[in-house]
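Each remark here refers to the structure printed beneath this line.
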Amino acid sequence: MKREERRQAIMDLLVATRAVDLDDLAERFAVSKMTIHRDLDDLEQAGLLRKVRGGATIEAGTQFESDFRIRALQDSDAKARMARAALDLVEPGMTVMVNDGSMAALLGASLAEKAPLTVITNNAAVIEPLKDMARITLIALGGIFSAKFNGFFGLVTENALSRLRADLAFISAPAVSGLQAFHMDDAVIRAKRAMMLAAGRSVLLVNHRRFGRSALHALADLSEYQAIITDAAPDPEDRAALDRAGIPLTIAKHSDR
């Protein structure tokens, strides 16, 4: 197997299992541990994984989030259910903001169902499907493009948002700890915060796996969101903290319910 084929196979395994073991990889591909170390080093440098003791993971860390291309392949059912629950909050005629992220991208692609709408976004995966949609007024935010997050960020993005107003902002987060949401990238934080400040109501979209985790930068107190949508109940202690604070949590239903 060629090097690039092996590295793609490693990433395929990570998408399926979220973590891989170095010894298992060496045996699976019949190469030395040093060769696997080099593969993991190069994939980590590309921002595709995070090395841990004895292997690698694509689970988020305090300073790591996997590449958009990886996240887009994960948890498709959970994302679809969350997008449907979020879409229930949208009414025709609204102005809606959608931030970066693979979950938000799925929501953005569904917004045409609620047309006419004005959609403001820095998410390249939202811009593409909506740009030719009838009865959608699309405001695409410029800025510095990040391939890792598949979106636009920086002063240009933030300045544009400071001059806009929306009814709803859909904000995603890779980590929730206690009563705060977190993110590992400062530029992404600033864009999300600018959207929240520009919107009448903010809705947090967060996978239940992301509860009980923190990241480098605090994004917002959970009380700043008028709704929080997740795909399944978080661990009891995390749910209890929300209940004690009186913060409502919407768990997206399966389509057959």
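A note on labels: chains of the structure tokens are A, B, ... as shown, every chain counts residues from 1, and ligands are counted from 1 in their shown order.
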
Report as a VMD selection string: the residues of range 90-130 of chain A with a DSSP assignment of strand (DSSP E), based on the backbone of this structure. chain A and resid 95 to 98 117 to 121

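For range 176-184 of chain A, the set of protein, DNA and RNA residues having any atom at most 6 Å away, when counting only C-alpha atoms and skipping those fewer than 2 positions along the same chain, is Thr62, Gln63, Phe211, Gly212, Arg213, Ser214, Ala215, Leu216, His217, Ala218, Leu219, Ala220, Asp221 and Leu222 of chain A.
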
Do you know which residues are at most 9 Å from Gly200 in chain A counting only C-alpha atoms, after dropping those on the same chain fewer than 4 positions away, and could you put them as a list in words? Arg165, Ala166, Asp167, Leu168, Ala169 and Met196 of chain A

Using only C-alpha atoms, determine which residues lie at most 12 Å from Arg28 in chain A, disregarding the query and same-chain residues fewer than 6 positions distant; provide the list as a ChimeraX atom specification. /A:1,6,9-10,13,20-22,36

As a VMD selection string, please: the residues near Ser110 in chain A (cut-off 9 Å, only C-alpha atoms, same-chain neighbours under 4 positions excluded). chain A and resid 83 to 84 87 105 to 106 114

For the residues in the current selection, export all heavy atoms as an mmCIF file, in the first residue's frame.
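part_33.cif, written as the output of this step:
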```
data_model
loop_
_atom_site.group_PDB
_atom_site.id
_atom_site.type_symbol
_atom_site.label_atom_id
_atom_site.label_comp_id
_atom_site.auth_asym_id
_atom_site.auth_seq_id
_atom_site.Cartn_x
_atom_site.Cartn_y
_atom_site.Cartn_z
ATOM 1 N N ALA A 83 -30.803 19.714 12.943
ATOM 2 C CA ALA A 83 -31.154 20.699 11.917
ATOM 3 C C ALA A 83 -32.667 20.829 11.806
ATOM 4 O O ALA A 83 -33.199 21.947 11.662
ATOM 5 C CB ALA A 83 -30.559 20.297 10.577
ATOM 6 N N ARG A 84 -33.382 19.702 11.878
ATOM 7 C CA ARG A 84 -34.838 19.750 11.804
ATOM 8 C C ARG A 84 -35.424 20.485 13.003
ATOM 9 O O ARG A 84 -36.364 21.299 12.855
ATOM 10 C CB ARG A 84 -35.372 18.316 11.736
ATOM 11 C CG ARG A 84 -36.873 18.175 11.629
ATOM 12 C CD ARG A 84 -37.466 18.910 10.461
ATOM 13 N NE ARG A 84 -36.790 18.631 9.211
ATOM 14 C CZ ARG A 84 -37.071 19.238 8.063
ATOM 15 N NH1 ARG A 84 -37.992 20.186 8.024
ATOM 16 N NH2 ARG A 84 -36.411 18.939 6.961
ATOM 17 N N LEU A 87 -34.788 24.135 12.509
ATOM 18 C CA LEU A 87 -35.618 24.681 11.430
ATOM 19 C C LEU A 87 -37.022 25.013 11.939
ATOM 20 O O LEU A 87 -37.674 25.929 11.420
ATOM 21 C CB LEU A 87 -35.689 23.672 10.290
ATOM 22 C CG LEU A 87 -36.070 24.205 8.909
ATOM 23 C CD1 LEU A 87 -35.037 25.208 8.410
ATOM 24 C CD2 LEU A 87 -36.184 23.046 7.915
ATOM 25 N N ALA A 105 -23.890 23.689 8.664
ATOM 26 C CA ALA A 105 -23.950 23.579 7.208
ATOM 27 C C ALA A 105 -25.183 22.802 6.781
ATOM 28 O O ALA A 105 -25.852 23.154 5.798
ATOM 29 C CB ALA A 105 -22.690 22.911 6.681
ATOM 30 N N LEU A 106 -25.502 21.746 7.500
ATOM 31 C CA LEU A 106 -26.684 20.947 7.179
ATOM 32 C C LEU A 106 -27.953 21.759 7.391
ATOM 33 O O LEU A 106 -28.885 21.713 6.577
ATOM 34 C CB LEU A 106 -26.706 19.683 8.033
ATOM 35 C CG LEU A 106 -27.691 18.600 7.628
ATOM 36 C CD1 LEU A 106 -27.423 18.100 6.220
ATOM 37 C CD2 LEU A 106 -27.626 17.444 8.616
ATOM 38 N N LYS A 114 -38.004 27.308 4.281
ATOM 39 C CA LYS A 114 -38.688 28.370 5.011
ATOM 40 C C LYS A 114 -38.703 29.688 4.242
ATOM 41 O O LYS A 114 -39.019 30.740 4.798
ATOM 42 C CB LYS A 114 -38.014 28.575 6.365
ATOM 43 C CG LYS A 114 -38.107 27.370 7.285
ATOM 44 C CD LYS A 114 -39.511 27.177 7.830
ATOM 45 C CE LYS A 114 -39.549 26.051 8.844
ATOM 46 N NZ LYS A 114 -40.804 26.024 9.609
#
```

Contact table range 97-186 of chain A vs range 42-61 of chain A, cut-off 9 Å, shortest pair per residue, only C-alpha atoms, as a tab-separated table:
```
residue	atom	partner	partner_atom	distance
A:Lys148	CA	A:Gly47	CA	7.3
A:Pro174	CA	A:Ala60	CA	7.2
A:Ala175	CA	A:Ala60	CA	8.1
A:Met184	CA	A:Gly61	CA	8.0
```

Those selected residues, please, written with N, CA and C atoms and delivered as an mmCIF file, in the first residue's frame.
```cif
data_model
loop_
_atom_site.group_PDB
_atom_site.id
_atom_site.type_symbol
_atom_site.label_atom_id
_atom_site.label_comp_id
_atom_site.auth_asym_id
_atom_site.auth_seq_id
_atom_site.Cartn_x
_atom_site.Cartn_y
_atom_site.Cartn_z
ATOM 1 N N LYS A 148 -9.711 24.769 7.511
ATOM 2 C CA LYS A 148 -9.983 23.889 8.639
ATOM 3 C C LYS A 148 -11.433 23.996 9.086
ATOM 4 N N PRO A 174 -18.086 23.253 20.025
ATOM 5 C CA PRO A 174 -17.504 21.917 20.172
ATOM 6 C C PRO A 174 -17.348 21.458 21.616
ATOM 7 N N ALA A 175 -17.685 22.330 22.575
ATOM 8 C CA ALA A 175 -17.483 21.951 23.974
ATOM 9 C C ALA A 175 -18.419 22.747 24.876
ATOM 10 N N MET A 184 -11.935 26.295 20.645
ATOM 11 C CA MET A 184 -10.475 26.294 20.728
ATOM 12 C C MET A 184 -9.804 27.376 19.883
#
```

Please, which residues in range 26-136 of chain A fall within 9 Å of range 230-245 of chain A when counting only C-alpha atoms, and what is the closest atom pair and distance in Å to one decimal for each, ordered by chain then residue number, as JSON lines?
```
{"residue": "A:Asp77", "atom": "CA", "partner": "A:Asp231", "partner_atom": "CA", "distance": 8.9}
{"residue": "A:Ala78", "atom": "CA", "partner": "A:Asp231", "partner_atom": "CA", "distance": 5.4}
{"residue": "A:Lys79", "atom": "CA", "partner": "A:Asp231", "partner_atom": "CA", "distance": 7.4}
{"residue": "A:Arg81", "atom": "CA", "partner": "A:Asp231", "partner_atom": "CA", "distance": 6.8}
{"residue": "A:Met82", "atom": "CA", "partner": "A:Asp231", "partner_atom": "CA", "distance": 5.9}
```

Export all heavy atoms of the chosen residues as a PDB file, in the first residue's frame?
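selection-v6.pdb was written with the following content:
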```
ATOM      1  N   ASP A  77     -26.931  11.341  11.228  1.00  0.00           N
ATOM      2  CA  ASP A  77     -28.303  11.259  11.746  1.00  0.00           C
ATOM      3  C   ASP A  77     -28.540  12.297  12.834  1.00  0.00           C
ATOM      4  O   ASP A  77     -29.572  12.980  12.843  1.00  0.00           O
ATOM      5  CB  ASP A  77     -28.583   9.863  12.293  1.00  0.00           C
ATOM      6  CG  ASP A  77     -29.957   9.774  12.943  1.00  0.00           C
ATOM      7  OD1 ASP A  77     -30.962   9.842  12.220  1.00  0.00           O
ATOM      8  OD2 ASP A  77     -30.029   9.666  14.183  1.00  0.00           O
ATOM      9  N   ALA A  78     -27.581  12.423  13.744  1.00  0.00           N
ATOM     10  CA  ALA A  78     -27.713  13.404  14.825  1.00  0.00           C
ATOM     11  C   ALA A  78     -27.808  14.820  14.260  1.00  0.00           C
ATOM     12  O   ALA A  78     -28.643  15.633  14.695  1.00  0.00           O
ATOM     13  CB  ALA A  78     -26.524  13.295  15.780  1.00  0.00           C
ATOM     14  N   LYS A  79     -26.979  15.119  13.292  1.00  0.00           N
ATOM     15  CA  LYS A  79     -27.007  16.453  12.693  1.00  0.00           C
ATOM     16  C   LYS A  79     -28.323  16.725  11.990  1.00  0.00           C
ATOM     17  O   LYS A  79     -28.868  17.830  12.075  1.00  0.00           O
ATOM     18  CB  LYS A  79     -25.840  16.609  11.710  1.00  0.00           C
ATOM     19  CG  LYS A  79     -24.478  16.675  12.363  1.00  0.00           C
ATOM     20  CD  LYS A  79     -23.382  16.664  11.310  1.00  0.00           C
ATOM     21  CE  LYS A  79     -22.005  16.637  11.943  1.00  0.00           C
ATOM     22  NZ  LYS A  79     -20.944  16.478  10.934  1.00  0.00           N
ATOM     23  N   ARG A  81     -31.258  15.480  12.670  1.00  0.00           N
ATOM     24  CA  ARG A  81     -32.314  15.702  13.653  1.00  0.00           C
ATOM     25  C   ARG A  81     -32.197  17.079  14.308  1.00  0.00           C
ATOM     26  O   ARG A  81     -33.200  17.767  14.535  1.00  0.00           O
ATOM     27  CB  ARG A  81     -32.284  14.597  14.713  1.00  0.00           C
ATOM     28  CG  ARG A  81     -32.762  13.265  14.164  1.00  0.00           C
ATOM     29  CD  ARG A  81     -32.938  12.224  15.236  1.00  0.00           C
ATOM     30  NE  ARG A  81     -31.668  11.685  15.723  1.00  0.00           N
ATOM     31  CZ  ARG A  81     -31.136  11.936  16.901  1.00  0.00           C
ATOM     32  NH1 ARG A  81     -31.755  12.737  17.765  1.00  0.00           N
ATOM     33  NH2 ARG A  81     -29.989  11.400  17.264  1.00  0.00           N
ATOM     34  N   MET A  82     -30.975  17.494  14.606  1.00  0.00           N
ATOM     35  CA  MET A  82     -30.765  18.820  15.183  1.00  0.00           C
ATOM     36  C   MET A  82     -31.134  19.922  14.199  1.00  0.00           C
ATOM     37  O   MET A  82     -31.734  20.932  14.574  1.00  0.00           O
ATOM     38  CB  MET A  82     -29.308  18.957  15.644  1.00  0.00           C
ATOM     39  CG  MET A  82     -28.962  18.084  16.831  1.00  0.00           C
ATOM     40  SD  MET A  82     -27.170  17.995  17.140  1.00  0.00           S
ATOM     41  CE  MET A  82     -26.820  19.690  17.574  1.00  0.00           C
TER      42      MET A  82
END
```

So which residues of range 124-242 of chain A fall under helix (DSSP H, G or I) by DSSP, listed as a ChimeraX atom specification? /A:124-130,155-162,186-198,208-210,222-224,236-242

Selection near Ala125 in chain A, 8 Å with only C-alpha atoms, sequence-local residues under 4 positions removed, as a CSV table (one decimal) with N, CA, C and O atoms, in the first residue's frame:
```csv
chain,number,residue,atom,x,y,z
A,102,SER,N,-20.0,21.9,10.5
A,102,SER,CA,-20.6,20.9,9.7
A,102,SER,C,-22.1,20.8,10.0
A,102,SER,O,-22.9,20.5,9.2
A,105,ALA,N,-23.9,23.7,8.7
A,105,ALA,CA,-24.0,23.6,7.2
A,105,ALA,C,-25.2,22.8,6.8
A,105,ALA,O,-25.9,23.2,5.8
A,129,PRO,N,-24.9,26.0,-1.4
A,129,PRO,CA,-26.2,25.5,-1.8
A,129,PRO,C,-27.3,26.6,-1.8
A,129,PRO,O,-28.3,26.5,-2.5
A,150,ASN,N,-13.7,25.8,7.2
A,150,ASN,CA,-14.5,26.0,6.0
A,150,ASN,C,-15.4,27.2,6.1
A,150,ASN,O,-16.6,27.2,5.7
A,151,GLY,N,-14.8,28.3,6.6
A,151,GLY,CA,-15.5,29.5,6.8
A,151,GLY,C,-14.6,30.7,6.7
A,151,GLY,O,-13.4,30.6,6.6
```

Residue nearest Arg193 in chain A among A:Leu14, A:Ala26, A:Ala227, A:Leu161 (counting only C-alpha atoms): A:Leu161

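For the pair CA of Glu224 in chain A and CA of Asp88 in chain A, the interatomic distance is 19.9 Å.
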
Please identify all polymer residues within 9 Å of Val188 in chain A, counting only C-alpha atoms, omitting same-chain residues fewer than 6 positions from it, and present them as number ranges by chain. A: 100, 149, 152-154

Distance in Å - CA of Thr118 in chain A versus CA of Met94 in chain A: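 Separating CA of Thr118 in chain A from CA of Met94 in chain A is a distance of 6.4 Å.
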
What is the CA of Arg7 in chain A-CA of Phe145 in chain A distance in Å, reported with one decimal?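 Here the two named atoms are 25.5 Å from each other.
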